[in-house]
Every structure is written in structure tokens, then in C-alpha cells.
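Participant: Handing over start-v9.pdb, PDB, C-alpha atoms and all ligand atoms.
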ATOM      1  CA  MET A   1     102.101 104.466  78.333
ATOM      2  CA  GLN A   2     100.614 101.206  79.663
ATOM      3  CA  VAL A   3     101.954  99.565  82.822
ATOM      4  CA  LYS A   4     103.249  96.154  81.731
ATOM      5  CA  LYS A   5     106.170  95.511  84.096
ATOM      6  CA  ALA A   6     106.131  94.808  87.815
ATOM      7  CA  VAL A   7     109.048  94.895  90.223
ATOM      8  CA  ILE A   8     108.649  92.407  93.068
ATOM      9  CA  PRO A   9     111.171  93.095  95.848
ATOM     10  CA  ALA A  10     112.026  89.889  97.682
ATOM     11  CA  ALA A  11     115.553  90.475  98.933
ATOM     12  CA  GLY A  12     114.780  91.426 102.546
ATOM     13  CA  LEU A  13     116.063  89.449 105.521
ATOM     14  CA  GLY A  14     112.714  88.487 107.038
ATOM     15  CA  THR A  15     113.964  88.846 110.618
ATOM     16  CA  ARG A  16     110.423  89.026 112.041
ATOM     17  CA  PHE A  17     109.881  85.425 111.031
ATOM     18  CA  LEU A  18     113.104  83.807 112.217
ATOM     19  CA  PRO A  19     113.999  80.997 112.552
ATOM     20  CA  ALA A  20     111.557  79.922 109.785
ATOM     21  CA  THR A  21     113.200  82.367 107.372
ATOM     22  CA  LYS A  22     116.778  81.314 108.062
ATOM     23  CA  ALA A  23     116.874  78.924 105.099
ATOM     24  CA  ILE A  24     113.464  79.592 103.485
ATOM     25  CA  PRO A  25     112.708  82.981 101.922
ATOM     26  CA  LYS A  26     109.751  84.569 103.718
ATOM     27  CA  GLU A  27     108.146  85.179 100.311
ATOM     28  CA  LEU A  28     107.803  81.382 100.020
ATOM     29  CA  LEU A  29     105.868  81.013 103.277
ATOM     30  CA  PRO A  30     102.684  79.149 102.351
ATOM     31  CA  VAL A  31      99.168  80.491 102.587
ATOM     32  CA  VAL A  32      97.308  77.177 102.539
ATOM     33  CA  ASN A  33      99.174  75.431  99.689
ATOM     34  CA  LYS A  34     100.620  78.345  97.720
ATOM     35  CA  PRO A  35     103.572  80.535  98.645
ATOM     36  CA  VAL A  36     102.594  84.144  99.293
ATOM     37  CA  ILE A  37     104.654  85.393  96.338
ATOM     38  CA  GLN A  38     102.546  83.274  93.971
ATOM     39  CA  TYR A  39      99.406  85.171  95.044
ATOM     40  CA  VAL A  40     101.342  88.383  94.427
ATOM     41  CA  VAL A  41     102.395  87.346  90.901
ATOM     42  CA  GLU A  42      98.850  86.144  90.142
ATOM     43  CA  GLU A  43      97.503  89.541  91.203
ATOM     44  CA  ALA A  44      99.976  91.270  88.868
ATOM     45  CA  VAL A  45      99.128  88.999  85.923
ATOM     46  CA  ALA A  46      95.369  89.476  86.503
ATOM     47  CA  ALA A  47      96.048  93.220  86.324
ATOM     48  CA  GLY A  48      97.669  92.952  82.876
ATOM     49  CA  ILE A  49     101.343  92.718  83.891
ATOM     50  CA  VAL A  50     103.385  90.606  81.459
ATOM     51  CA  GLU A  51     106.864  90.867  82.955
ATOM     52  CA  ALA A  52     107.698  90.209  86.615
ATOM     53  CA  ILE A  53     111.086  91.459  87.773
ATOM     54  CA  PHE A  54     112.091  89.763  91.026
ATOM     55  CA  VAL A  55     114.642  91.487  93.228
ATOM     56  CA  VAL A  56     116.441  88.682  95.051
ATOM     57  CA  SER A  57     119.562  88.199  97.141
ATOM     58  CA  SER A  58     121.741  85.268  98.131
ATOM     59  CA  GLY A  59     119.698  82.458  99.641
ATOM     60  CA  LYS A  60     116.581  83.478  97.734
ATOM     61  CA  SER A  61     116.987  81.511  94.507
ATOM     62  CA  ALA A  62     114.247  79.049  95.575
ATOM     63  CA  ILE A  63     111.818  81.854  94.661
ATOM     64  CA  LEU A  64     112.957  81.648  91.036
ATOM     65  CA  ASP A  65     112.792  77.837  91.100
ATOM     66  CA  HIS A  66     109.171  78.077  92.201
ATOM     67  CA  PHE A  67     108.221  79.777  88.915
ATOM     68  CA  ASP A  68     110.426  77.532  86.789
ATOM     69  CA  TYR A  69     109.668  74.415  84.776
ATOM     70  CA  LEU A  70     110.481  71.324  86.831
ATOM     71  CA  PHE A  71     110.720  68.351  84.468
ATOM     72  CA  GLU A  72     110.751  65.565  87.102
ATOM     73  CA  ILE A  73     107.613  66.724  88.928
ATOM     74  CA  GLU A  74     105.596  67.476  85.813
ATOM     75  CA  GLU A  75     106.601  64.191  84.133
ATOM     76  CA  THR A  76     105.659  62.222  87.275
ATOM     77  CA  LEU A  77     102.248  63.933  87.457
ATOM     78  CA  ARG A  78     101.719  63.194  83.744
ATOM     79  CA  GLN A  79     102.583  59.502  84.200
ATOM     80  CA  ARG A  80     100.293  59.241  87.230
ATOM     81  CA  GLY A  81      97.418  60.899  85.332
ATOM     82  CA  LYS A  82      97.125  63.760  87.850
ATOM     83  CA  LYS A  83      95.801  66.172  85.248
ATOM     84  CA  ASP A  84      94.497  68.948  87.524
ATOM     85  CA  LEU A  85      97.698  69.223  89.495
ATOM     86  CA  LEU A  86      99.749  69.062  86.289
ATOM     87  CA  ARG A  87      97.733  71.922  84.782
ATOM     88  CA  GLU A  88      98.278  73.947  87.962
ATOM     89  CA  MET A  89     102.025  73.363  87.745
ATOM     90  CA  GLU A  90     102.107  74.281  84.048
ATOM     91  CA  THR A  91     100.137  77.473  84.665
ATOM     92  CA  LEU A  92     102.752  78.475  87.187
ATOM     93  CA  HIS A  93     105.665  78.701  84.765
ATOM     94  CA  GLU A  94     103.463  80.147  82.035
ATOM     95  CA  LEU A  95     102.192  82.978  84.289
ATOM     96  CA  ALA A  96     104.477  85.804  83.217
ATOM     97  CA  SER A  97     107.899  86.347  81.835
ATOM     98  CA  ILE A  98     110.235  86.249  84.830
ATOM     99  CA  ILE A  99     113.425  88.263  85.146
ATOM    100  CA  SER A 100     115.606  88.507  88.234
ATOM    101  CA  VAL A 101     117.967  91.160  89.478
ATOM    102  CA  ARG A 102     120.115  90.917  92.565
ATOM    103  CA  GLN A 103     120.299  93.255  95.504
ATOM    104  CA  LYS A 104     123.690  92.475  96.970
ATOM    105  CA  LYS A 105     123.006  94.007 100.395
ATOM    106  CA  PRO A 106     119.618  94.599 102.043
ATOM    107  CA  LEU A 107     119.946  98.382 101.948
ATOM    108  CA  GLY A 108     116.221  99.071 101.978
ATOM    109  CA  LEU A 109     113.175  99.013  99.736
ATOM    110  CA  GLY A 110     114.190 102.126  97.774
ATOM    111  CA  HIS A 111     117.549 100.515  97.015
ATOM    112  CA  ALA A 112     115.847  97.219  96.060
ATOM    113  CA  ILE A 113     113.641  99.046  93.521
ATOM    114  CA  LEU A 114     116.672 100.918  92.139
ATOM    115  CA  THR A 115     118.403  97.621  91.294
ATOM    116  CA  ALA A 116     115.653  97.042  88.693
ATOM    117  CA  LYS A 117     116.281 100.386  86.934
ATOM    118  CA  ASP A 118     117.936  99.006  83.765
ATOM    119  CA  VAL A 119     115.369  96.248  83.343
ATOM    120  CA  VAL A 120     112.400  98.593  83.816
ATOM    121  CA  GLY A 121     113.761 101.208  81.407
ATOM    122  CA  ASP A 122     111.935 104.422  80.594
ATOM    123  CA  GLN A 123     108.375 103.397  81.413
ATOM    124  CA  PRO A 124     105.942 103.426  84.336
ATOM    125  CA  PHE A 125     105.910 100.237  86.402
ATOM    126  CA  ALA A 126     104.151  98.545  89.289
ATOM    127  CA  VAL A 127     105.767  97.483  92.557
ATOM    128  CA  LEU A 128     104.251  94.658  94.617
ATOM    129  CA  LEU A 129     105.991  93.566  97.801
ATOM    130  CA  GLY A 130     106.635  89.843  97.766
ATOM    131  CA  ASP A 131     105.231  89.208 101.251
ATOM    132  CA  ASP A 132     102.126  91.398 101.089
ATOM    133  CA  LEU A 133      98.927  89.595 100.134
ATOM    134  CA  ILE A 134      95.939  91.727  99.123
ATOM    135  CA  ASP A 135      92.623  89.966  98.810
ATOM    136  CA  SER A 136      90.219  91.913  96.604
ATOM    137  CA  LYS A 137      87.615  91.489  93.851
ATOM    138  CA  VAL A 138      89.466  93.751  91.405
ATOM    139  CA  PRO A 139      93.219  93.119  91.769
ATOM    140  CA  CYS A 140      94.604  95.871  93.999
ATOM    141  CA  ILE A 141      97.357  96.778  91.542
ATOM    142  CA  ARG A 142      94.756  97.029  88.727
ATOM    143  CA  GLN A 143      92.777  99.534  90.821
ATOM    144  CA  MET A 144      95.983 101.531  91.212
ATOM    145  CA  ILE A 145      97.014 101.306  87.533
ATOM    146  CA  ASP A 146      93.575 102.749  86.688
ATOM    147  CA  VAL A 147      94.335 105.678  89.021
ATOM    148  CA  TYR A 148      97.752 106.145  87.395
ATOM    149  CA  GLU A 149      96.174 106.184  83.943
ATOM    150  CA  LYS A 150      93.723 108.895  85.068
ATOM    151  CA  THR A 151      96.120 111.108  87.064
ATOM    152  CA  GLY A 152      99.559 110.445  85.504
ATOM    153  CA  ALA A 153     101.027 110.746  89.016
ATOM    154  CA  ALA A 154     102.884 108.139  91.092
ATOM    155  CA  VAL A 155     100.327 106.155  93.122
ATOM    156  CA  VAL A 156     100.887 104.649  96.570
ATOM    157  CA  GLY A 157      98.409 102.135  97.997
ATOM    158  CA  VAL A 158      97.277 103.149 101.485
ATOM    159  CA  MET A 159      95.041 101.877 104.274
ATOM    160  CA  GLU A 160      94.054 103.104 107.707
ATOM    161  CA  VAL A 161      95.973 101.456 110.548
ATOM    162  CA  PRO A 162      95.419 101.627 114.320
ATOM    163  CA  PRO A 163      97.557 104.301 116.045
ATOM    164  CA  SER A 164      99.774 101.633 117.641
ATOM    165  CA  ASP A 165     100.837 100.445 114.150
ATOM    166  CA  VAL A 166     101.659 103.917 112.784
ATOM    167  CA  PRO A 167     105.405 103.668 113.707
ATOM    168  CA  LEU A 168     105.727 100.579 111.483
ATOM    169  CA  TYR A 169     104.829 102.261 108.186
ATOM    170  CA  GLY A 170     105.368 105.174 105.834
ATOM    171  CA  ILE A 171     102.512 107.544 106.678
ATOM    172  CA  VAL A 172     100.881 110.060 104.288
ATOM    173  CA  LYS A 173      98.704 113.121 104.595
ATOM    174  CA  GLY A 174      96.988 114.856 101.714
ATOM    175  CA  VAL A 175      94.090 116.719 100.214
ATOM    176  CA  GLN A 176      91.054 114.747  99.090
ATOM    177  CA  GLU A 177      90.960 114.709  95.285
ATOM    178  CA  GLY A 178      88.272 112.103  94.631
ATOM    179  CA  PRO A 179      86.704 108.995  96.139
ATOM    180  CA  ARG A 180      89.470 107.097  97.994
ATOM    181  CA  LEU A 181      92.029 109.453  96.416
ATOM    182  CA  LEU A 182      94.345 111.993  98.092
ATOM    183  CA  ARG A 183      96.921 114.354  96.615
ATOM    184  CA  VAL A 184      99.872 113.768  98.955
ATOM    185  CA  ASP A 185     101.394 116.789 100.689
ATOM    186  CA  ALA A 186     103.313 115.070 103.498
ATOM    187  CA  MET A 187     104.985 111.695 103.803
ATOM    188  CA  VAL A 188     107.000 110.361 106.742
ATOM    189  CA  GLU A 189     108.725 106.998 107.165
ATOM    190  CA  LYS A 190     107.959 105.216 110.447
ATOM    191  CA  PRO A 191     106.976 108.279 112.521
ATOM    192  CA  SER A 192     106.229 108.184 116.218
ATOM    193  CA  VAL A 193     102.512 108.417 117.035
ATOM    194  CA  ALA A 194     103.054 112.068 118.051
ATOM    195  CA  GLU A 195     104.834 112.991 114.791
ATOM    196  CA  ALA A 196     102.478 111.103 112.459
ATOM    197  CA  PRO A 197     100.477 113.370 110.149
ATOM    198  CA  SER A 198      97.630 110.795 109.907
ATOM    199  CA  ASN A 199      96.977 107.073 110.281
ATOM    200  CA  LEU A 200      97.051 106.366 106.541
ATOM    201  CA  ALA A 201      99.817 103.852 105.966
ATOM    202  CA  ILE A 202     101.570 102.973 102.718
ATOM    203  CA  VAL A 203     101.393  99.217 102.235
ATOM    204  CA  GLY A 204     103.016  97.021  99.622
ATOM    205  CA  ARG A 205     101.676  98.371  96.328
ATOM    206  CA  TYR A 206     102.957 101.249  94.166
ATOM    207  CA  VAL A 207     102.662 102.438  90.565
ATOM    208  CA  LEU A 208     105.674 104.559  89.753
ATOM    209  CA  PRO A 209     106.959 106.678  86.884
ATOM    210  CA  PRO A 210     110.566 106.093  85.734
ATOM    211  CA  SER A 211     111.537 109.459  87.307
ATOM    212  CA  ILE A 212     111.436 107.647  90.687
ATOM    213  CA  PHE A 213     114.875 106.173  89.916
ATOM    214  CA  GLU A 214     116.491 109.602  89.853
ATOM    215  CA  ALA A 215     114.712 110.468  93.113
ATOM    216  CA  ILE A 216     116.021 107.254  94.736
ATOM    217  CA  GLU A 217     119.547 107.980  93.506
ATOM    218  CA  LYS A 218     119.379 111.317  95.323
ATOM    219  CA  THR A 219     117.967 109.785  98.510
ATOM    220  CA  LYS A 220     120.316 109.436 101.471
ATOM    221  CA  PRO A 221     119.938 106.536 103.926
ATOM    222  CA  GLY A 222     117.069 107.304 106.317
ATOM    223  CA  LYS A 223     115.352 105.354 109.134
ATOM    224  CA  GLY A 224     117.348 102.228 110.032
ATOM    225  CA  GLY A 225     120.223 103.333 107.735
ATOM    226  CA  GLU A 226     118.177 102.090 104.758
ATOM    227  CA  ILE A 227     117.360 103.860 101.495
ATOM    228  CA  GLN A 228     113.658 104.310 101.986
ATOM    229  CA  ILE A 229     111.250 104.483  99.061
ATOM    230  CA  THR A 230     109.057 106.809 101.186
ATOM    231  CA  ASP A 231     111.870 109.412 101.263
ATOM    232  CA  ALA A 232     112.277 109.239  97.474
ATOM    233  CA  LEU A 233     108.500 109.514  97.072
ATOM    234  CA  ALA A 234     108.393 112.553  99.381
ATOM    235  CA  GLN A 235     110.788 114.245  96.973
ATOM    236  CA  LEU A 236     108.665 113.197  93.987
ATOM    237  CA  ALA A 237     105.576 114.560  95.775
ATOM    238  CA  ARG A 238     107.266 117.978  95.991
ATOM    239  CA  ASP A 239     108.504 117.973  92.364
ATOM    240  CA  LYS A 240     105.902 116.154  90.295
ATOM    241  CA  GLY A 241     103.109 115.027  92.621
ATOM    242  CA  VAL A 242     102.114 111.742  94.222
ATOM    243  CA  VAL A 243      98.618 110.450  94.924
ATOM    244  CA  ALA A 244      97.557 107.994  97.615
ATOM    245  CA  TYR A 245      94.759 105.547  96.851
ATOM    246  CA  GLN A 246      92.765 103.737  99.541
ATOM    247  CA  PHE A 247      92.364 100.485  97.646
ATOM    248  CA  GLU A 248      89.381  98.162  98.064
ATOM    249  CA  GLY A 249      90.441  94.871  99.633
ATOM    250  CA  ASP A 250      91.942  93.217 102.706
ATOM    251  CA  ARG A 251      95.676  93.189 103.199
ATOM    252  CA  TYR A 252      97.724  90.550 105.031
ATOM    253  CA  ASP A 253     101.393  91.104 105.827
ATOM    254  CA  VAL A 254     102.507  87.496 105.588
ATOM    255  CA  GLY A 255     106.010  88.463 106.775
ATOM    256  CA  ASP A 256     104.425  89.185 110.156
ATOM    257  CA  ARG A 257     103.423  86.171 112.241
ATOM    258  CA  VAL A 258      99.873  87.330 112.970
ATOM    259  CA  GLY A 259      99.373  88.361 109.322
ATOM    260  CA  PHE A 260     100.559  84.901 108.261
ATOM    261  CA  LEU A 261      98.145  83.128 110.631
ATOM    262  CA  LEU A 262      95.206  85.327 109.582
ATOM    263  CA  ALA A 263      95.870  84.843 105.858
ATOM    264  CA  ASN A 264      95.927  81.078 106.367
ATOM    265  CA  ALA A 265      92.674  81.178 108.333
ATOM    266  CA  VAL A 266      90.890  83.330 105.731
ATOM    267  CA  PHE A 267      92.092  81.371 102.693
ATOM    268  CA  GLY A 268      91.640  78.033 104.488
ATOM    269  CA  LEU A 269      88.004  78.890 105.321
ATOM    270  CA  ARG A 270      87.429  79.761 101.658
ATOM    271  CA  ASP A 271      88.983  76.634 100.133
ATOM    272  CA  PRO A 272      86.101  74.379  98.957
ATOM    273  CA  GLN A 273      88.079  71.204  99.745
ATOM    274  CA  LEU A 274      89.072  72.290 103.244
ATOM    275  CA  ARG A 275      86.479  74.693 104.574
ATOM    276  CA  ASP A 276      84.004  72.321 106.249
ATOM    277  CA  ARG A 277      86.670  70.307 108.036
ATOM    278  CA  PHE A 278      88.689  73.421 108.898
ATOM    279  CA  ARG A 279      85.669  75.387 110.168
ATOM    280  CA  SER A 280      84.551  72.637 112.567
ATOM    281  CA  ALA A 281      88.100  72.042 113.817
ATOM    282  CA  LEU A 282      88.554  75.794 114.358
ATOM    283  CA  LYS A 283      85.207  76.066 116.149
ATOM    284  CA  ALA A 284      86.124  73.194 118.487
ATOM    285  CA  LEU A 285      89.523  74.788 119.132
ATOM    286  CA  LEU A 286      87.980  78.163 120.004
ATOM    287  CA  GLU A 287      85.426  76.570 122.335
ATOM    288  CA  LYS A 288      88.196  74.628 124.062
ATOM    289  CA  SER A 289      90.354  77.735 124.488
ATOM    290  CA  GLN A 290      87.376  79.651 125.974
ATOM    291  CA  GLU A 291      86.750  76.843 128.466
ATOM    292  CA  GLY A 292      90.398  76.964 129.556
TER     293      GLY A 292
HETATM  294  P1  LIG B 301     110.183  94.326 105.007
HETATM  295  O1  LIG B 301     109.934  95.726 105.365
HETATM  296  O2  LIG B 301     109.174  93.345 105.474
HETATM  297  O3  LIG B 301     111.654  93.965 105.510
HETATM  298  O4  LIG B 301     110.300  94.238 103.439
HETATM  299  P2  LIG B 301     112.434  92.597 105.637
HETATM  300  O5  LIG B 301     113.837  92.943 105.944
HETATM  301  O6  LIG B 301     112.218  91.739 104.426
HETATM  302  O7  LIG B 301     111.734  91.818 106.844
HETATM  303  P3  LIG B 301     111.865  91.961 108.428
HETATM  304  O8  LIG B 301     111.255  93.287 108.780
HETATM  305  O9  LIG B 301     113.323  91.837 108.751
HETATM  306  O10 LIG B 301     111.080  90.797 108.960
HETATM  307  C1  LIG B 301     109.178  94.345 102.577
HETATM  308  C2  LIG B 301     109.504  93.731 101.224
HETATM  309  O11 LIG B 301     110.631  94.397 100.640
HETATM  310  C3  LIG B 301     111.685  93.490 100.381
HETATM  311  C4  LIG B 301     111.394  92.273 101.272
HETATM  312  O12 LIG B 301     111.923  91.081 100.713
HETATM  313  C5  LIG B 301     109.883  92.256 101.338
HETATM  314  O13 LIG B 301     109.299  91.546 100.245
HETATM  315  N1  LIG B 301     113.002  94.138 100.688
HETATM  316  C6  LIG B 301     113.192  94.803 101.861
HETATM  317  C7  LIG B 301     114.018  94.051  99.759
HETATM  318  O14 LIG B 301     113.861  93.452  98.673
HETATM  319  N2  LIG B 301     115.232  94.622 100.062
HETATM  320  C8  LIG B 301     115.449  95.292 101.227
HETATM  321  O15 LIG B 301     116.584  95.800 101.422
HETATM  322  C9  LIG B 301     114.406  95.387 102.155
END
Mind converting the file's structure to C-alpha cells?
Ligand code: UTP

Facilitator:
Amino acid sequence: MQVKKAVIPAAGLGTRFLPATKAIPKELLPVVNKPVIQYVVEEAVAAGIVEAIFVVSSGKSAILDHFDYLFEIEETLRQRGKKDLLREMETLHELASIISVRQKKPLGLGHAILTAKDVVGDQPFAVLLGDDLIDSKVPCIRQMIDVYEKTGAAVVGVMEVPPSDVPLYGIVKGVQEGPRLLRVDAMVEKPSVAEAPSNLAIVGRYVLPPSIFEAIEKTKPGKGGEIQITDALAQLARDKGVVAYQFEGDRYDVGDRVGFLLANAVFGLRDPQLRDRFRSALKALLEKSQEG
């Protein structure tokens, strides 16, 4: 069965980015002039997803507004003859069919995914975290859907992280099954460096079979008192099998301050309208900071 639906969890608290995220959802933090979640939805659509299911919570409805039709703005752009900007705005609400579900309490990523159970139904689906930007030639989630179509197993997107970052992630270990592909035999959420079975970290992309919902329902709160998707996946790995795919591309955690700054630098240096001005300003800034 083809993967046509994507769950986009965006109901977290964003405490690492306070106070910016007190009134603004972290998924709306801009990377140059687009909120991070727009890049995420564009990745999903480029991969063939037609329905985006946002998991939101109170205070996060601005995310839904961002993908909505806004008469006043579009009419003003039309009257002012700003055709390019108008087209960009129109593309935004034509991107995908948008559905929202609410996570009433931030009980963890596993719990957030479970809230989408009825909307997903009995079919495989993609999960893209709303604050995780992956810059790649082939959309990361497309690479992973291809793996799902070949293996029929749940796929987690992984990348190597430095040892100091291991305690921040779900970490996997497995047996090599193909290029960039491991059959997972161990999975631990946020281990200490000593406990970690490897330095391969699960980042914000998954392709999951509907049987994950039953696994989440059986999962007890784990690290931080949250229902962790890694714990549900560890159970799935034992019962039905999970593969880990080292995707091709660069990942920026925009919910982390350094990740946010890096993503802005990379996308700013690539923007044809900004790059020359930005590069020389950045160069001057670096020279000045070296002098000091
Ligand atoms: P994070 O792990 O970054 O957690 O969530 P967080 O709570 O949002 O942020 P910090 O750590 O306090 O700064 C990764 C993604 O999962 C969503 C978040 O919105 C984010 O897109 N999430 C997390 C939920 O939807 N619900 C949750 O209960 C937790």
C-alpha cells in the first residue's frame, strides 16, 4: 500500500527555545523567510504525500493559519500587482490537504503520534517532526518510503552523532542489511554514553505501519515520564522488525538554538537574492570576531 499520509507532530512545548516559544510555536520559527514547518510540509509533498495531519495543542493554532487561505493578504497582493508573492501564498494553501488533531497534554512523541490513529486508519504513514529540517537532493522521507516499499518494515531515519549528543536521542544498533540500511536489534531512548549501543541517532523522520498504534498503546511512560516512540518501536523491532536508514542529506534541529542559527546561515547563503550581501556581511563579522 502506498504511503500517502504524513503525521506532523507539533504539540511539544519548545522549552529549549524560550522565551521565543512562549507565544510563538517553535515550528513557526523562520529559516530565512519561511517557517521551519513549511519546509517540512514541502518535503512531504515532494515525496508524494497528499494529506498532512498536524498534531497541535493549545497555543499552536497559528500553525494551521499559516497553511490557510488568507483573503486580506492575497487580495492586497493582487491589487498591488505582486504576482510572484501572490503565487507563493496561493501555493501554500494548495500544498496538501491539511487535517489537525489535538494532543491535549504533551505526553511525548509516541502519544502525539497515537492521537492521529483514527485519521491515519489502517495504512502505512510517514512521520516528520515539525521542527526538524532535512536538506537533501531527494526528499529524505521519499528515500525512506522507498526503503519501506522494498522491505515492508517500519523505517527510522538515523544519522551518526558525536558521543556528547548520544544522551539526547533514541539510539539504535543493528545488523547491516544493505547500503545505509540496518536491521535493528537494539533501541534505547536517551542512553548515557556508557549505555549507548552505538552513535546512530534516530532523528525526525519515520515511516510506520499501522501496527505501531497497538505498540504505542501498550507502551508505558518511559524517560521523562513521556510515552516514547522509541519504546514502542523497540517492541515492534522484536515482533515484526524495524530497519534504520542512514538518509542522504543534512539535518538541522531548528528547535535547538544552534540548529536554528546554522539552518539560517545555510539557507541564507543559498538564497540568490541574499547570498552576496549576506556572505560579505558574514565574512566581515567573522574577521572582526577573530580580531577581538
Ligand atoms: P522535542 O523532542 O523537540 O520536544 O519534540 P519539545 O517538547 O517540543 O521541545 P523542547 O525539548 O521542550 O525544546 C520533537 C517534535 O515532537 C513534537 C514537537 O512539537 C516537535 O515537533 N512533540 C513532542 C509533540 O507533538 N508532542 C509531545 O508531547 C512532544

Participant: Taking only residues of region 151-251 of chain A that have an atom at most 8 Å from an atom of region 125-144 of chain A, what is each one's shortest atom pair and its distance in Å to one decimal, using all atoms listed in the file, in chain and number order, as CSV?

Facilitator:
residue,atom,partner,partner_atom,distance
A:Val155,CA,A:Met144,CA,6.6
A:Val156,CA,A:Met144,CA,7.9
A:Gly157,CA,A:Met144,CA,7.2
A:Val203,CA,A:Asp132,CA,7.9
A:Gly204,CA,A:Leu129,CA,4.9
A:Arg205,CA,A:Leu128,CA,4.8
A:Tyr206,CA,A:Val127,CA,5.0
A:Val207,CA,A:Ala126,CA,4.4
A:Leu208,CA,A:Phe125,CA,5.5
A:Pro209,CA,A:Phe125,CA,6.5
A:Pro210,CA,A:Phe125,CA,7.5
A:Tyr245,CA,A:Met144,CA,7.0
A:Phe247,CA,A:Cys140,CA,6.3
A:Glu248,CA,A:Ser136,CA,6.5
A:Gly249,CA,A:Ser136,CA,4.2
A:Asp250,CA,A:Asp135,CA,5.1
A:Arg251,CA,A:Ile134,CA,4.3

Participant: Check every protein, DNA and RNA residue against ligand LIG 301 (chain B), keep those with an atom at most 7 Å away (counting only C-alpha atoms and all ligand atoms), and present them as a list of chain:residue names.

Facilitator: A:Pro9, A:Ala10, A:Ala11, A:Gly12, A:Leu13, A:Gly14, A:Thr15, A:Arg16, A:Phe17, A:Glu27, A:Val55, A:Val56, A:Gln103, A:Lys105, A:Pro106, A:Leu107, A:Gly108, A:Leu109, A:His111, A:Ala112, A:Leu129, A:Gly130, A:Asp131, A:Gly255, A:Asp256

Participant: Dump C-alpha atoms for the selected residues as a compact mmCIF listing (two decimals), in the coordinates of the input?

Facilitator:
# COMPACT_ATOMS: atom_id res chain seq x y z
CA PRO A 9 111.17 93.10 95.85
CA ALA A 10 112.03 89.89 97.68
CA ALA A 11 115.55 90.48 98.93
CA GLY A 12 114.78 91.43 102.55
CA LEU A 13 116.06 89.45 105.52
CA GLY A 14 112.71 88.49 107.04
CA THR A 15 113.96 88.85 110.62
CA ARG A 16 110.42 89.03 112.04
CA PHE A 17 109.88 85.42 111.03
CA GLU A 27 108.15 85.18 100.31
CA VAL A 55 114.64 91.49 93.23
CA VAL A 56 116.44 88.68 95.05
CA GLN A 103 120.30 93.26 95.50
CA LYS A 105 123.01 94.01 100.40
CA PRO A 106 119.62 94.60 102.04
CA LEU A 107 119.95 98.38 101.95
CA GLY A 108 116.22 99.07 101.98
CA LEU A 109 113.18 99.01 99.74
CA HIS A 111 117.55 100.52 97.02
CA ALA A 112 115.85 97.22 96.06
CA LEU A 129 105.99 93.57 97.80
CA GLY A 130 106.64 89.84 97.77
CA ASP A 131 105.23 89.21 101.25
CA GLY A 255 106.01 88.46 106.78
CA ASP A 256 104.42 89.18 110.16

Participant: What separation in Å, quoted to one decimal, exists between CA of Lys283 (chain A) and CA of Ala263 (chain A)?

Facilitator: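 Calculated distance between CA of Lys283 (chain A) and CA of Ala263 (chain A) is 17.2 Å.
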
Participant: Please produce, as a Markdown table, a per-residue contact table for region 248-270 of chain A versus region 32-45 of chain A (criterion: any atom at most 9 Å away, only C-alpha atoms considered), showing the nearest atom pair and its distance in Å to one decimal, sorted by chain then residue number.

Facilitator:
| residue | atom | partner | partner_atom | distance |
| --- | --- | --- | --- | --- |
| A:Val254 | CA | A:Val36 | CA | 7.1 |
| A:Ala263 | CA | A:Val32 | CA | 8.5 |
| A:Asn264 | CA | A:Val32 | CA | 5.6 |
| A:Ala265 | CA | A:Val32 | CA | 8.4 |
| A:Phe267 | CA | A:Val32 | CA | 6.7 |
| A:Gly268 | CA | A:Val32 | CA | 6.1 |

Participant: From the list A:Ser280, A:Ser198, A:Ser289, A:Gln246, which residue is nearest Val172 (chain A) when using all atoms listed in the file?

Facilitator: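 Closest to Val172 (chain A), using all atoms listed in the file: A:Ser198.
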
Participant: Would you kindly return, as a short mmCIF file (atom, residue, chain, number, x, y, z; two decimals) with C-alpha atoms, in the coordinates of the input, each protein, DNA or RNA residue with an atom no farther than 12 Å from any atom of Ser97 (chain A), considering all atoms listed in the file and excluding same-chain residues fewer than 3 positions away?

Facilitator:
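Result file is part_27.cif:
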data_model
loop_
_atom_site.label_atom_id
_atom_site.label_comp_id
_atom_site.auth_asym_id
_atom_site.auth_seq_id
_atom_site.Cartn_x
_atom_site.Cartn_y
_atom_site.Cartn_z
CA LYS A 4 103.25 96.15 81.73
CA LYS A 5 106.17 95.51 84.10
CA ALA A 6 106.13 94.81 87.82
CA VAL A 41 102.40 87.35 90.90
CA ALA A 44 99.98 91.27 88.87
CA VAL A 45 99.13 89.00 85.92
CA ILE A 49 101.34 92.72 83.89
CA VAL A 50 103.38 90.61 81.46
CA GLU A 51 106.86 90.87 82.96
CA ALA A 52 107.70 90.21 86.62
CA ILE A 53 111.09 91.46 87.77
CA PHE A 54 112.09 89.76 91.03
CA LEU A 64 112.96 81.65 91.04
CA PHE A 67 108.22 79.78 88.92
CA ASP A 68 110.43 77.53 86.79
CA LEU A 92 102.75 78.47 87.19
CA HIS A 93 105.66 78.70 84.76
CA GLU A 94 103.46 80.15 82.04
CA SER A 100 115.61 88.51 88.23
#

Participant: Of the candidates A:Pro221, A:Ala234, A:Gln79, A:Arg257, which shows the shortest atom-to-atom distance to Thr21 (chain A), using all atoms listed in the file?

Facilitator: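 Smallest distance to Thr21 (chain A) is found for A:Arg257.
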
Participant: Quick one: 6 Å padding each side, axis-aligned, all listed atoms of region 124-140 of chain A - centre and edge lengths in Å to one decimal, as AutoDock Vina command-line options?

Facilitator:
--center_x 97.1 --center_y 96.3 --center_z 92.8 --size_x 31.0 --size_y 26.2 --size_z 28.9

Participant: Given the point (102.1, 67.2, 87.2) in the file's coordinates, find the residues that have an atom at most 8 Å from it, counting only C-alpha atoms, and give them as a list in words.

Facilitator: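 The residues near that point, listed by chain and number, are Ile73, Glu74, Glu75, Thr76, Leu77, Arg78, Lys82, Lys83, Asp84, Leu85, Leu86, Arg87, Glu88, Met89 and Glu90 of chain A.
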
Participant: Select, from A:Leu29, A:Ile227, A:Ala23, A:Ala194, the residue with the minimum atom-to-atom distance to Leu261 (chain A), counting all atoms listed in the file.

Facilitator: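 Nearest candidate to Leu261 (chain A) out of A:Leu29, A:Ile227, A:Ala23, A:Ala194: A:Leu29.
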
Participant: I'd like the contact shell of Gly110 (chain A) - 10 Å cut-off, all atoms listed in the file, skipping same-chain residues fewer than 2 positions apart - returned as a PyMOL selection string.

Facilitator: chain A and resi 9+107-108+112-115+212-213+215-217+219+221+226-233

Participant: Nearest to Glu214 (chain A): which of A:Val184, A:Phe71, A:Lys117, A:Lys150 is it, counting all atoms listed in the file?

Facilitator: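 Residue with the minimum atom-to-atom distance to Glu214 (chain A): A:Lys117.
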
Participant: Enumerate, as a PyMOL selection string, the protein, DNA and RNA residues whose atoms approach (98.3, 105.4, 107.0) to within 12 Å, taking into account all atoms listed in the file and the coordinate frame of the file.

Facilitator: chain A and resi 156-174+182+184+186-191+193+196-203+244-246

Participant: What is the distance, in Å and to one decimal place, between CA of Ser61 (chain A) and CA of Ile98 (chain A)?

Facilitator: 12.7 Å

Participant: In Å, how far is it from CA of Ala20 (chain A) to CA of Leu262 (chain A)?

Facilitator: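 Between CA of Ala20 (chain A) and CA of Leu262 (chain A) the gap is 17.2 Å.
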